[in-house]
Each structure stands twice: as C-alpha cells, then as structure tokens.
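Participant: Next comes the structure file final_36.cif, holding mmCIF, C-alpha atoms.
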```
data_protein
#
loop_
_atom_site.label_atom_id
_atom_site.label_comp_id
_atom_site.auth_asym_id
_atom_site.auth_seq_id
_atom_site.Cartn_x
_atom_site.Cartn_y
_atom_site.Cartn_z
CA MET A 1 -11.04 19.13 12.28
CA THR A 2 -7.46 20.23 13.03
CA THR A 3 -6.00 17.23 11.20
CA LEU A 4 -8.12 17.97 8.11
CA LEU A 5 -7.11 21.65 7.90
CA PRO A 6 -3.95 20.93 5.78
CA ASN A 7 -6.14 18.92 3.36
CA ILE A 8 -8.61 21.80 3.00
CA LEU A 9 -5.84 24.37 2.43
CA ASN A 10 -4.19 22.09 -0.13
CA ASP A 11 -7.49 21.67 -2.03
CA ILE A 12 -8.07 25.43 -2.04
CA ASN A 13 -4.59 26.13 -3.40
CA ASN A 14 -5.15 23.64 -6.23
CA MET A 15 -8.62 24.86 -7.21
CA ASP A 16 -9.20 25.98 -10.80
CA THR A 17 -10.73 29.44 -11.26
CA SER A 18 -12.68 28.33 -14.35
CA LEU A 19 -15.34 25.67 -14.86
CA TYR A 20 -15.70 23.85 -18.20
CA TYR A 21 -18.69 21.69 -18.95
CA GLY A 22 -20.54 19.92 -21.74
CA CYS A 23 -23.15 17.18 -22.07
CA VAL A 24 -23.48 13.52 -22.94
CA THR A 25 -24.33 13.00 -26.61
CA GLY A 26 -24.24 9.20 -26.64
CA VAL A 27 -23.29 5.99 -24.83
CA GLN A 28 -21.76 3.03 -26.64
CA GLY A 29 -20.37 -0.01 -24.88
CA LEU A 30 -18.06 1.20 -22.12
CA PHE A 31 -17.80 4.68 -23.64
CA ILE A 32 -19.54 7.97 -22.91
CA GLU A 33 -19.49 10.38 -25.85
CA VAL A 34 -19.35 14.02 -24.77
CA GLY A 35 -19.75 17.24 -26.76
CA GLY A 36 -19.65 20.94 -25.99
CA ILE A 37 -16.43 21.07 -23.97
CA ARG A 38 -14.24 23.78 -25.43
CA THR A 39 -10.96 23.50 -23.56
CA GLN A 40 -7.65 21.78 -24.06
CA LEU A 41 -7.78 18.29 -22.63
CA SER A 42 -5.34 15.42 -23.05
CA ILE A 43 -5.53 11.66 -22.65
CA GLY A 44 -5.78 10.74 -18.97
CA ASP A 45 -7.57 13.90 -17.82
CA ARG A 46 -10.61 13.54 -15.58
CA CYS A 47 -14.26 14.55 -15.96
CA ARG A 48 -17.40 14.12 -13.83
CA VAL A 49 -20.72 13.00 -15.28
CA PHE A 50 -23.89 13.90 -13.32
CA ALA A 51 -26.22 10.95 -13.88
CA ASN A 52 -30.02 11.14 -13.91
CA ASN A 53 -30.24 9.07 -10.73
CA GLY A 54 -28.25 11.67 -8.77
CA LYS A 55 -24.90 9.88 -8.87
CA VAL A 56 -21.69 11.62 -9.88
CA VAL A 57 -19.61 9.26 -12.03
CA PRO A 58 -15.86 10.01 -12.33
CA CYS A 59 -14.48 9.34 -15.82
CA GLU A 60 -11.18 9.42 -17.69
CA LEU A 61 -10.59 10.75 -21.18
CA VAL A 62 -9.32 7.83 -23.25
CA SER A 63 -9.93 8.89 -26.87
CA PHE A 64 -11.15 11.61 -29.25
CA LYS A 65 -13.68 11.29 -32.07
CA ASP A 66 -13.90 14.35 -34.32
CA ASP A 67 -14.90 17.17 -31.92
CA LYS A 68 -16.29 14.74 -29.32
CA LEU A 69 -14.59 13.34 -26.23
CA LEU A 70 -14.75 9.63 -25.42
CA LEU A 71 -14.78 9.02 -21.68
CA MET A 72 -14.52 5.74 -19.81
CA PRO A 73 -16.21 5.63 -16.37
CA TYR A 74 -14.58 4.49 -13.14
CA ALA A 75 -18.00 3.26 -11.96
CA SER A 76 -21.25 1.86 -13.40
CA LEU A 77 -22.98 3.51 -16.37
CA ASP A 78 -26.39 3.23 -14.65
CA GLY A 79 -28.35 6.49 -14.83
CA ILE A 80 -26.26 8.06 -17.59
CA GLY A 81 -28.20 9.21 -20.65
CA GLN A 82 -28.21 11.85 -23.37
CA GLY A 83 -28.05 15.39 -22.07
CA CYS A 84 -26.42 14.54 -18.72
CA ARG A 85 -24.13 17.34 -17.56
CA VAL A 86 -20.39 16.72 -17.77
CA GLU A 87 -17.82 18.83 -15.91
CA VAL A 88 -14.06 18.90 -16.37
CA ALA A 89 -12.56 17.91 -13.03
CA ASN A 90 -9.72 20.05 -11.72
CA ALA A 91 -8.16 17.03 -10.05
CA LYS A 92 -4.91 16.05 -11.72
CA PRO A 93 -3.96 12.35 -11.87
CA VAL A 94 -1.84 12.69 -8.71
CA ILE A 95 -1.94 11.57 -5.10
CA TYR A 96 -0.52 13.25 -2.00
CA PRO A 97 0.97 10.46 0.16
CA HIS A 98 1.75 11.02 3.84
CA PRO A 99 3.54 8.88 6.48
CA SER A 100 0.24 8.59 8.37
CA TRP A 101 -1.07 6.35 5.57
CA LEU A 102 0.71 3.41 7.21
CA GLY A 103 -1.79 0.90 8.49
CA ARG A 104 -4.52 2.06 6.10
CA THR A 105 -6.41 0.54 3.18
CA ILE A 106 -6.98 2.81 0.19
CA ASN A 107 -8.62 2.61 -3.23
CA ALA A 108 -7.38 3.49 -6.71
CA PHE A 109 -8.00 7.22 -6.06
CA GLY A 110 -5.85 7.23 -2.93
CA GLU A 111 -8.93 7.49 -0.70
CA ALA A 112 -9.43 5.61 2.57
CA ILE A 113 -11.87 2.67 2.38
CA ASP A 114 -11.20 1.11 5.80
CA GLY A 115 -13.71 3.15 7.82
CA LYS A 116 -11.00 4.84 9.89
CA GLY A 117 -11.68 8.35 8.63
CA PRO A 118 -10.13 10.46 5.83
CA LEU A 119 -6.42 10.37 5.02
CA LEU A 120 -4.08 13.24 5.80
CA LYS A 121 -2.58 14.54 2.57
CA GLY A 122 1.08 15.36 2.06
CA THR A 123 2.32 18.52 0.37
CA LYS A 124 4.17 16.94 -2.56
CA PRO A 125 2.12 15.52 -5.46
CA TYR A 126 3.09 12.14 -6.89
CA TYR A 127 1.91 11.43 -10.41
CA ILE A 128 0.05 8.15 -10.68
CA LYS A 129 1.73 7.37 -14.01
CA ASN A 130 5.22 8.39 -12.99
CA SER A 131 8.43 7.63 -14.86
CA PRO A 132 11.21 5.57 -13.27
CA PRO A 133 14.44 7.35 -12.25
CA PRO A 134 16.95 7.69 -15.13
CA ALA A 135 18.94 4.47 -15.44
CA GLN A 136 22.32 6.20 -15.26
CA PHE A 137 21.49 7.79 -11.88
CA ARG A 138 20.11 4.70 -10.19
CA ASP A 139 22.05 2.95 -7.46
CA ARG A 140 23.10 -0.68 -7.86
CA VAL A 141 21.09 -3.54 -6.38
CA GLN A 142 22.86 -4.72 -3.23
CA GLY A 143 22.16 -6.06 0.24
CA LYS A 144 19.82 -8.98 1.01
CA VAL A 145 16.15 -8.81 1.92
CA ASP A 146 15.06 -11.30 4.58
CA LEU A 147 11.63 -12.63 3.58
CA GLY A 148 11.37 -15.34 6.24
CA VAL A 149 10.84 -18.18 3.71
CA LYS A 150 13.58 -20.85 3.66
CA ALA A 151 13.39 -21.72 -0.04
CA VAL A 152 13.52 -18.06 -1.09
CA ASN A 153 16.14 -16.92 1.42
CA THR A 154 18.62 -19.60 0.37
CA PHE A 155 17.99 -20.78 -3.20
CA LEU A 156 16.46 -17.55 -4.57
CA THR A 157 17.99 -14.82 -2.45
CA ILE A 158 16.44 -11.43 -3.20
CA CYS A 159 18.40 -8.18 -2.93
CA LYS A 160 17.16 -4.70 -2.04
CA GLY A 161 15.80 -3.09 -5.18
CA GLN A 162 15.37 -6.36 -7.07
CA ARG A 163 12.19 -7.16 -9.01
CA MET A 164 10.96 -10.73 -8.77
CA GLY A 165 7.99 -12.54 -10.29
CA ILE A 166 5.96 -15.33 -8.71
CA PHE A 167 4.62 -17.48 -11.58
CA ALA A 168 1.93 -20.12 -11.09
CA GLY A 169 -1.41 -21.43 -12.27
CA SER A 170 -4.58 -20.96 -10.25
CA GLY A 171 -4.73 -22.60 -6.83
CA VAL A 172 -1.01 -23.43 -6.51
CA GLY A 173 -0.23 -20.99 -3.69
CA LYS A 174 0.83 -17.60 -5.14
CA SER A 175 -1.23 -15.52 -2.72
CA THR A 176 -0.25 -17.69 0.24
CA LEU A 177 3.48 -17.35 -0.52
CA MET A 178 3.07 -13.60 -0.98
CA SER A 179 1.24 -13.32 2.33
CA MET A 180 4.03 -15.20 4.14
CA MET A 181 6.63 -12.79 2.79
CA ALA A 182 4.48 -9.72 3.51
CA ARG A 183 4.19 -10.67 7.17
CA GLN A 184 7.76 -11.86 7.72
CA THR A 185 9.87 -9.36 5.75
CA ASP A 186 12.45 -7.16 7.43
CA SER A 187 11.81 -4.26 5.03
CA ASP A 188 10.94 -0.85 6.51
CA ILE A 189 7.61 -0.50 4.66
CA SER A 190 5.30 -2.87 2.77
CA VAL A 191 3.03 -1.50 0.03
CA ILE A 192 0.62 -4.21 -1.12
CA GLY A 193 -1.59 -3.91 -4.18
CA LEU A 194 -4.48 -6.36 -4.56
CA ILE A 195 -5.43 -5.88 -8.21
CA GLY A 196 -8.65 -7.52 -9.42
CA GLU A 197 -8.75 -9.94 -6.49
CA ARG A 198 -11.69 -11.46 -4.64
CA GLY A 199 -13.50 -9.02 -2.38
CA ARG A 200 -13.38 -11.31 0.65
CA GLU A 201 -9.57 -11.45 0.51
CA ALA A 202 -9.08 -7.85 1.69
CA LYS A 203 -10.29 -8.35 5.26
CA GLU A 204 -8.66 -11.78 5.48
CA PHE A 205 -5.37 -10.30 4.31
CA VAL A 206 -5.48 -7.54 6.94
CA GLU A 207 -6.64 -9.65 9.88
CA ASP A 208 -5.19 -13.12 9.23
CA VAL A 209 -2.09 -12.42 7.15
CA LEU A 210 -0.66 -9.08 8.25
CA GLY A 211 -2.08 -8.90 11.76
CA LYS A 212 -1.73 -5.81 13.93
CA GLU A 213 2.09 -5.79 13.85
CA GLY A 214 2.34 -6.26 10.09
CA LEU A 215 -0.38 -3.72 9.34
CA GLU A 216 1.45 -0.98 11.26
CA LYS A 217 4.16 -0.86 8.59
CA SER A 218 1.97 -1.64 5.57
CA ILE A 219 -0.36 0.15 3.15
CA LEU A 220 -2.95 -1.88 1.25
CA VAL A 221 -4.22 -0.68 -2.15
CA LEU A 222 -7.41 -2.51 -3.15
CA ALA A 223 -9.35 -2.85 -6.41
CA THR A 224 -11.62 -5.90 -6.49
CA SER A 225 -12.53 -7.96 -9.55
CA ASP A 226 -16.01 -6.39 -9.86
CA GLU A 227 -14.63 -2.86 -10.29
CA SER A 228 -14.13 -1.22 -13.68
CA PRO A 229 -10.97 -1.92 -15.71
CA LEU A 230 -9.88 1.71 -15.17
CA MET A 231 -10.02 1.23 -11.38
CA ARG A 232 -8.06 -2.03 -11.57
CA ARG A 233 -5.39 -0.53 -13.79
CA GLN A 234 -5.11 2.63 -11.73
CA ALA A 235 -4.77 0.65 -8.47
CA ALA A 236 -1.51 -0.77 -9.84
CA TYR A 237 -0.23 2.73 -10.68
CA VAL A 238 -1.23 4.05 -7.24
CA THR A 239 0.57 1.12 -5.55
CA MET A 240 3.78 2.12 -7.31
CA ALA A 241 3.27 5.85 -6.57
CA VAL A 242 2.90 5.17 -2.83
CA ALA A 243 6.01 2.96 -2.89
CA GLU A 244 7.95 5.74 -4.68
CA TYR A 245 6.98 8.22 -1.97
CA PHE A 246 8.44 6.07 0.81
CA ARG A 247 11.49 5.25 -1.33
CA ASP A 248 12.14 8.98 -1.60
CA LEU A 249 12.08 9.11 2.22
CA ASN A 250 15.09 6.75 2.06
CA LYS A 251 13.08 3.73 3.18
CA ASN A 252 13.57 0.15 1.97
CA VAL A 253 10.13 -0.62 0.56
CA LEU A 254 8.74 -4.06 -0.28
CA CYS A 255 6.16 -3.50 -3.03
CA MET A 256 3.95 -6.53 -3.64
CA MET A 257 1.33 -6.75 -6.39
CA ASP A 258 -1.21 -9.53 -6.86
CA SER A 259 -1.52 -9.81 -9.76
CA ILE A 260 0.20 -8.37 -12.82
CA THR A 261 -1.92 -10.62 -15.04
CA ARG A 262 -5.12 -8.88 -13.92
CA PHE A 263 -3.48 -5.51 -14.56
CA ALA A 264 -2.76 -6.72 -18.10
CA MET A 265 -6.35 -7.94 -18.47
CA ALA A 266 -7.67 -4.53 -17.38
CA GLN A 267 -5.42 -2.79 -19.91
CA ARG A 268 -6.62 -5.22 -22.57
CA GLU A 269 -10.27 -4.37 -21.84
CA ILE A 270 -9.54 -0.65 -22.15
CA SER A 271 -7.49 -1.04 -25.33
CA LEU A 272 -10.04 -3.24 -27.08
CA SER A 273 -12.77 -0.75 -26.19
CA VAL A 274 -10.97 2.09 -27.99
CA GLY A 275 -10.58 -0.08 -31.08
CA GLU A 276 -6.98 -1.26 -30.72
CA PRO A 277 -6.50 -4.56 -32.59
CA PRO A 278 -5.49 -7.66 -30.59
CA ALA A 279 -1.95 -8.92 -31.17
CA SER A 280 -1.25 -12.06 -29.16
CA LYS A 281 -3.95 -14.26 -27.57
CA GLY A 282 -6.28 -11.26 -27.46
CA TYR A 283 -3.74 -8.95 -25.77
CA THR A 284 -3.21 -5.64 -27.53
CA PRO A 285 0.20 -4.05 -28.23
CA SER A 286 -0.40 -1.38 -25.56
CA VAL A 287 -0.48 -4.11 -22.88
CA PHE A 288 3.12 -5.06 -23.66
CA ALA A 289 4.06 -1.37 -23.76
CA GLU A 290 2.51 -0.66 -20.33
CA LEU A 291 4.11 -3.62 -18.54
CA PRO A 292 7.69 -2.25 -18.56
CA ARG A 293 6.43 1.26 -17.72
CA LEU A 294 4.88 -0.14 -14.56
CA LEU A 295 7.51 -2.71 -13.57
CA GLU A 296 10.55 -0.48 -14.21
CA ARG A 297 9.30 1.91 -11.53
CA ALA A 298 10.40 -0.63 -8.91
CA GLY A 299 14.08 -0.87 -8.07
CA PRO A 300 16.72 1.25 -6.36
CA GLY A 301 16.36 5.02 -6.43
CA SER A 302 19.00 7.70 -6.80
CA GLY A 303 19.26 8.06 -3.00
CA ASN A 304 19.36 5.53 -0.17
CA GLY A 305 15.83 4.26 -0.67
CA THR A 306 14.84 1.14 -2.64
CA ILE A 307 11.69 -0.55 -3.93
CA THR A 308 11.95 -4.33 -3.91
CA GLY A 309 9.19 -5.62 -6.18
CA LEU A 310 7.36 -8.94 -5.89
CA PHE A 311 4.77 -9.42 -8.63
CA THR A 312 2.53 -12.45 -9.00
CA VAL A 313 1.71 -13.74 -12.49
CA LEU A 314 -1.25 -16.03 -13.09
CA VAL A 315 -0.15 -18.26 -15.97
CA ASP A 316 -2.98 -19.29 -18.28
CA GLY A 317 -3.52 -23.05 -18.30
CA ASP A 318 -0.17 -23.63 -16.50
CA ASP A 319 1.55 -22.43 -19.69
CA HIS A 320 4.58 -20.50 -18.44
CA ASN A 321 5.32 -19.28 -21.97
CA GLU A 322 1.99 -17.53 -22.53
CA PRO A 323 2.32 -13.88 -23.70
CA VAL A 324 2.00 -11.98 -20.39
CA ALA A 325 4.20 -14.41 -18.42
CA ASP A 326 6.85 -14.32 -21.14
CA ALA A 327 6.82 -10.51 -21.32
CA VAL A 328 7.00 -10.07 -17.53
CA ARG A 329 9.79 -12.64 -17.16
CA SER A 330 11.91 -10.74 -19.68
CA ILE A 331 11.56 -7.50 -17.68
CA LEU A 332 12.11 -8.76 -14.13
CA ASP A 333 15.32 -9.74 -12.34
CA GLY A 334 14.27 -13.30 -11.66
CA HIS A 335 11.28 -15.57 -11.24
CA ILE A 336 9.87 -17.97 -8.68
CA VAL A 337 7.98 -20.84 -10.34
CA LEU A 338 5.30 -22.65 -8.35
CA ASP A 339 4.70 -26.17 -9.65
CA ARG A 340 1.29 -27.86 -9.49
CA ALA A 341 2.92 -31.31 -9.33
CA ILE A 342 4.81 -30.28 -6.17
CA ALA A 343 1.62 -28.85 -4.64
CA GLU A 344 -0.19 -32.11 -5.38
CA ARG A 345 2.30 -34.02 -3.27
CA ASN A 346 1.56 -31.56 -0.44
CA ARG A 347 4.90 -29.75 -0.24
CA TYR A 348 4.30 -26.05 0.35
CA PRO A 349 5.41 -23.55 -0.74
CA ALA A 350 5.42 -25.48 -4.03
CA ILE A 351 8.54 -23.78 -5.43
CA ASN A 352 10.29 -25.57 -8.27
CA ILE A 353 13.91 -24.76 -7.40
CA LEU A 354 15.36 -25.88 -10.75
CA ARG A 355 12.99 -23.73 -12.83
CA SER A 356 13.34 -20.67 -10.61
CA VAL A 357 16.20 -18.18 -10.68
CA SER A 358 17.34 -14.98 -8.99
CA ARG A 359 19.57 -13.06 -11.39
CA THR A 360 21.21 -10.92 -8.68
CA MET A 361 21.84 -13.78 -6.24
CA PRO A 362 25.43 -14.67 -7.30
CA ASP A 363 26.59 -11.10 -6.58
CA CYS A 364 25.04 -10.82 -3.10
CA ASP A 365 26.00 -14.25 -1.72
CA THR A 366 29.34 -14.96 -0.08
CA LYS A 367 31.51 -17.68 -1.65
CA GLU A 368 30.59 -20.07 1.14
CA GLU A 369 26.85 -19.42 0.79
CA TYR A 370 26.94 -19.75 -2.99
CA ALA A 371 28.91 -23.00 -2.79
CA LEU A 372 26.41 -24.39 -0.26
CA VAL A 373 23.40 -23.56 -2.42
CA SER A 374 25.10 -24.82 -5.60
CA LYS A 375 25.82 -28.16 -3.93
CA ALA A 376 22.19 -28.54 -2.86
CA ARG A 377 20.98 -27.60 -6.36
CA LYS A 378 23.31 -30.25 -7.82
CA TYR A 379 21.69 -32.94 -5.67
CA ILE A 380 18.17 -31.81 -6.59
CA SER A 381 19.07 -31.81 -10.30
CA ALA A 382 20.72 -35.24 -10.15
CA TYR A 383 17.71 -36.74 -8.38
CA GLU A 384 15.15 -35.14 -10.72
CA ASP A 385 17.04 -36.43 -13.78
CA MET A 386 16.74 -40.02 -12.49
CA ALA A 387 13.43 -39.64 -10.64
CA GLU A 388 11.41 -41.93 -12.90
CA LEU A 389 13.96 -44.74 -12.78
CA ILE A 390 14.31 -44.38 -9.01
CA ARG A 391 10.54 -44.53 -8.43
CA LEU A 392 10.19 -47.55 -10.73
CA GLY A 393 13.03 -49.32 -8.92
CA ALA A 394 15.05 -49.54 -12.15
CA TYR A 395 18.04 -47.67 -10.77
CA LYS A 396 20.67 -49.93 -9.21
CA LYS A 397 22.48 -48.51 -6.21
CA GLY A 398 26.21 -48.04 -6.83
CA SER A 399 25.83 -47.30 -10.55
CA ASN A 400 26.58 -43.60 -10.04
CA ARG A 401 27.96 -42.12 -6.83
CA GLU A 402 26.49 -38.67 -7.53
CA VAL A 403 23.01 -40.16 -7.92
CA ASP A 404 23.52 -42.26 -4.78
CA GLU A 405 24.37 -39.08 -2.84
CA ALA A 406 21.37 -37.31 -4.37
CA ILE A 407 19.05 -40.13 -3.23
CA PHE A 408 20.48 -39.75 0.29
CA TYR A 409 20.21 -35.94 0.51
CA TYR A 410 17.07 -35.28 -1.57
CA PRO A 411 14.45 -36.20 1.11
CA LYS A 412 16.27 -34.02 3.64
CA ILE A 413 16.40 -31.07 1.22
CA GLU A 414 12.69 -31.55 0.40
CA GLU A 415 11.90 -31.45 4.11
CA PHE A 416 13.95 -28.26 4.39
CA LEU A 417 12.01 -26.62 1.53
CA ALA A 418 8.63 -27.30 3.18
CA GLN A 419 7.34 -24.57 5.49
CA GLY A 420 4.10 -23.77 7.31
CA LYS A 421 2.29 -20.45 6.80
CA GLN A 422 3.02 -19.24 10.33
CA GLU A 423 6.69 -20.29 10.43
CA ARG A 424 9.50 -17.78 10.01
CA PHE A 425 13.23 -18.36 9.49
CA THR A 426 15.92 -15.69 9.28
CA LEU A 427 18.62 -15.68 6.61
CA ALA A 428 21.23 -16.92 9.10
CA GLU A 429 18.96 -19.75 10.30
CA CYS A 430 18.24 -20.84 6.73
CA TYR A 431 21.91 -21.18 5.77
CA GLU A 432 22.68 -22.91 9.08
CA MET A 433 19.90 -25.49 8.56
CA LEU A 434 20.94 -26.21 4.96
CA GLY A 435 24.58 -26.44 6.02
CA LYS A 436 23.75 -29.05 8.67
CA ILE A 437 21.86 -31.16 6.11
CA LEU A 438 24.76 -31.18 3.63
CA ALA A 439 27.32 -31.72 6.41
CA THR A 440 25.73 -35.09 7.23
CA PRO A 441 28.22 -37.62 5.83
CA TYR A 442 27.02 -40.03 3.15
CA ASN A 443 27.86 -43.66 3.84
CA PRO A 444 27.63 -45.91 0.72
CA GLU A 445 27.30 -48.96 2.97
CA THR A 446 23.97 -47.82 4.46
#
```
Is it possible to give me this structure as structure tokens?
Facilitator:
Amino acid sequence: MTTLLPNILNDINNMDTSLYYGCVTGVQGLFIEVGGIRTQLSIGDRCRVFANNGKVVPCELVSFKDDKLLLMPYASLDGIGQGCRVEVANAKPVIYPHPSWLGRTINAFGEAIDGKGPLLKGTKPYYIKNSPPPAQFRDRVQGKVDLGVKAVNTFLTICKGQRMGIFAGSGVGKSTLMSMMARQTDSDISVIGLIGERGREAKEFVEDVLGKEGLEKSILVLATSDESPLMRRQAAYVTMAVAEYFRDLNKNVLCMMDSITRFAMAQREISLSVGEPPASKGYTPSVFAELPRLLERAGPGSGNGTITGLFTVLVDGDDHNEPVADAVRSILDGHIVLDRAIAERNRYPAINILRSVSRTMPDCDTKEEYALVSKARKYISAYEDMAELIRLGAYKKGSNREVDEAIFYYPKIEEFLAQGKQERFTLAECYEMLGKILATPYNPET
C-alpha cells in the first residue's frame, strides 16, 4: 500500500472536476460514432465506452463528422450498440515512467502485464507522441556501442545515438540477431518494443533471450498481432517515450523495435479507416509522415544521455526497395541487410556485408581499425565479383593476384562472420580476431 500511495496522490492531483458524456449513435467498420458530447476535444483525446456486456472499452478520437465524434477502440467492439454511454476520459496521452520499471513488461498504456503487481509512477509526464529535441541543440553521435556480434562490431560499427535498421524477409533471422544484441550489449538500459509480434514470443524473449541478468536492465513493451491497430501503433510511441525518460537521466539507452513494418501496417489500417486514400502499395501518405516522427526521436539528446535505435524492417517479398523499407532507409543512419541466400548456406547471422553500411562508422573508427575493415571488405568484394567463375572452376589461379588473395582469405572471413546465438565477443576481441586472419601471409605457391 505504501508503494502505491504516490500513484494515488498523482491520480488525485490530475483528476478533472467536470464529467462530459454522450452516447453511441452508430457503429461502422472500426468506428464508433458518438453524439451529445459538448466539450472541446482534439484528435488523440481519449474516451470510454460502456458496453452492454459490462465491459469498458477505451477509445481514441480519430476524426470528426459534422457534430459527431468518430472514435476508434483499443479493444474489441463486442457489446457496443446504439445508446451506450460514452465518457470523456481525463487521462491525457502521457505516461509516468519510473526507474523501478526496469525488469518489467508493459502494454501500450504503460501498464504492467507481467503479473508482478502495478507499476510505480514517476512525477514527470512524458507525452506518448513527443517531439525529438531540436536539431541544433542535439549532441553529436560519438563513442562505440559494443553489441557482442562480430560482424556488427567490426564491419558495421554502431555509435552511441545512432539509428540503424535491420532489413530482411521473413524467416532470415531478424529477431534472432536483435535478441543477440539485446542480451550482449554494454548499454546502460535496453528498451525493447515488440510491435505486432507473435504472442508466444514475449515469454520466450524474457526467459530464453534476456535471462535474469538481461531483464534487470531492460523494459519490454508488448503489443501482439491480435491487438487493435491503435494498440500496436501506440506501443511504438510508448517504447520511444520510455527510452526518452532514461535518456533524460543521462543513460545510454539501446532502444530496439521489432518491427517498424508492423507499425506502418497499423498506421495504414487506421488511415484507411478514416478515408485517407492509399498512395503507394496500399500505404497512405500519413504512414510516410509518421515514420520520421517516430524514428527521429531516437538519437543523442541535449545532455549526456543517448538513445541508440535498432529497428527491424520486414521487407515484402525480399524486395528491399518496397515503400516502407525505402522510406525507413532514407531516415536512418545505416542499415544491416540479412540475405536469404546466406541463410540458406547456414551462415548465421546472415548479414550481407557488401549491401550493409553504417554511415557513422568512418568517424568513430581509428585509422588502423578502418584500414583493417576496408582490407577485409576488399577481399569479400573481389571474391563475390568472381564467385560464379570460381565455383564453376573457370577461374585460373594466377590470373589476378587480388582474386587469388581473396580466394585465400574469403573462407577465413566467412568463418569469422559466423556466430552462435549464445556467443559473445567484445569490440577488442573482434578486431584482434580479424587482424589475425588478415595477418596470415598469402603464399602464391600453395
């Protein structure tokens, strides 16, 4: 009871002295049409609908029609009919994060769903749809993040405050790669948003991926695929709001979201429901407007805290130029491409080094590190260019020294890029291992 007292006092201080209500006048598709509410409301405000079956359904105001309000529910429409009472909720679209949230699993409303009791609320509200810090007051991206994955630490080094995308088709290993980095990172805090994912993945992620040690410095925000599009979209906003809270405490936060594509799909469902015309492959213009508003919230702050963002993108039909993938790639500071062909030859993580890039990597590597990685990339590129001829036996040894060297080093580099789910390698170990491979002298006579 003592721990809940601050929550009760906070709720009392934020209570509205007036109550506004109306009634349901119609239901069409995903919409609830409401009349009789005579108060100033704006898009995004909340209402509660008291259904005939006794349920209270939270809703969000998404559109106006003459003097009627159009609400979209966060839950099922079952039990809602004409004449159902509708109340204007006094809850603003904010959450009250607190350091005690570490180790907890929450939903899109910032409520605990892990059975460990209610969450302790902080005193400062954080708007769910917050704006990023002004660009001119943001710190620069600097300092490396150790993610424990050899291929990423060396070839795609990520800096504190950088935003990186993980692009792949279904079943190529996006979630597995993300789980490896979530468990092995050296960041202070991990905020992980599972947006529109399978319900069974939540418990597996907590128990098998994070484990007790990883969970102690993580917060999991969950909205499964069977939940309403409003819940799935809001879970992404809440993930960013929680990350912003810890960034403002001068922590280095690793914010991971799986996946941005399902956030875009949720926004598409909402937009199409309000009558917005589709623009590209069924996606509405508001989808491409919301993506930068969400993704730009990650990055360095104006203090010592940072949000390093890792966002997975499910590419439709392995087409890396489909609308959402193309839009996200243009916003982020780099991309990790997972290749199905590499996965099919059983090399995991299936990162295509040549198609992946970290835009901040040249500035955070030393000259020696950059030269080492560039040399390895050169061998990979030379081998891939001649791969078909080499496999067919049409390439004659001695025709090109650079290709001969690539044939010698390529299997060793491929072995270096492979890594098991439970293995972890520090930044220093990664560069040392790659350095040893490239230091092995090539002998043309062998």
Participant: Report as a VMD selection string the residues that result from applying the PyMOL selection byres ((chain A and resi 64-75) around 7) to the structure here.
Facilitator: chain A and resid 30 to 35 57 to 63 76 to 77 228 230 to 231
Participant: Which distance in Å separates CA of Gly148 in chain A and CA of Met178 in chain A, to one decimal?
Facilitator: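 Distance reported for this atom pair: 11.1 Å.
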Participant: What does the distance from CA of Val221 in chain A to CA of Pro97 in chain A come to in Å, to one decimal?
Facilitator: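 One can read the CA of Val221 in chain A to CA of Pro97 in chain A distance as 12.5 Å.
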Participant: Just so the selection is clear, what residues does the PyMOL selection byres ((chain A and resi 168) around 8) cover here, as a list in words?
Facilitator: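 For this structure, the PyMOL selection byres ((chain A and resi 168) around 8) captures Ile166, Phe167, Gly169, Ser170, Val172, Gly173, Lys174, Thr312, Val313, Leu314, Val315, Asp318, His320, Val337, Leu338, Asp339 and Arg340 of chain A.
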Participant: Nearest residue to Ser381 in chain A out of A:Tyr237, A:Tyr126, A:Tyr395, A:Tyr409, using all atoms listed in the file?
Facilitator: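 With all atoms listed in the file as the atom set, the closest residue is A:Tyr409.
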Participant: For this file, the PyMOL selection byres ((chain A and resi 414-416) around 10) selects which residues, as a list in words?
Facilitator: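 Selected by the PyMOL selection byres ((chain A and resi 414-416) around 10) here: Lys150, Ala151, Arg347, Ile380, Tyr409, Tyr410, Pro411, Lys412, Ile413, Leu417, Ala418, Gln419, Cys430, Met433, Leu434 and Ile437 of chain A.
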Participant: Render range 122-136 of chain A from the structure in the preceding block as a file of N, CA and C atoms, as a short mmCIF file (atom, residue, chain, number, x, y, z; two decimals), in the first residue's frame.
Facilitator:
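As written to disk, result_24.cif reads:
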```
data_model
loop_
_atom_site.label_atom_id
_atom_site.label_comp_id
_atom_site.auth_asym_id
_atom_site.auth_seq_id
_atom_site.Cartn_x
_atom_site.Cartn_y
_atom_site.Cartn_z
N GLY A 122 6.20 7.76 -11.95
CA GLY A 122 7.06 8.91 -11.69
C GLY A 122 6.23 10.18 -11.59
N THR A 123 6.90 11.29 -11.33
CA THR A 123 6.20 12.57 -11.15
C THR A 123 6.11 13.37 -12.44
N LYS A 124 7.02 13.09 -13.39
CA LYS A 124 7.05 13.88 -14.62
C LYS A 124 6.33 13.15 -15.75
N PRO A 125 5.34 13.80 -16.39
CA PRO A 125 4.66 13.15 -17.50
C PRO A 125 5.50 13.18 -18.78
N TYR A 126 5.44 12.10 -19.53
CA TYR A 126 6.10 12.03 -20.84
C TYR A 126 5.03 11.76 -21.89
N TYR A 127 4.89 12.71 -22.81
CA TYR A 127 3.88 12.55 -23.85
C TYR A 127 4.25 11.38 -24.75
N ILE A 128 3.23 10.58 -25.06
CA ILE A 128 3.45 9.40 -25.90
C ILE A 128 3.93 9.81 -27.29
N LYS A 129 3.29 10.84 -27.85
CA LYS A 129 3.71 11.36 -29.15
C LYS A 129 4.56 12.60 -28.94
N ASN A 130 5.75 12.38 -28.44
CA ASN A 130 6.65 13.50 -28.14
C ASN A 130 7.39 13.94 -29.40
N SER A 131 7.95 15.14 -29.33
CA SER A 131 8.78 15.63 -30.44
C SER A 131 10.24 15.41 -30.11
N PRO A 132 11.08 15.16 -31.10
CA PRO A 132 12.52 14.99 -30.83
C PRO A 132 13.14 16.31 -30.38
N PRO A 133 14.28 16.27 -29.70
CA PRO A 133 14.96 17.51 -29.31
C PRO A 133 15.30 18.33 -30.56
N PRO A 134 15.31 19.66 -30.46
CA PRO A 134 15.68 20.50 -31.62
C PRO A 134 17.05 20.09 -32.17
N ALA A 135 17.15 20.01 -33.47
CA ALA A 135 18.38 19.51 -34.11
C ALA A 135 19.60 20.32 -33.71
N GLN A 136 19.45 21.63 -33.56
CA GLN A 136 20.61 22.49 -33.29
C GLN A 136 21.15 22.33 -31.86
#
```
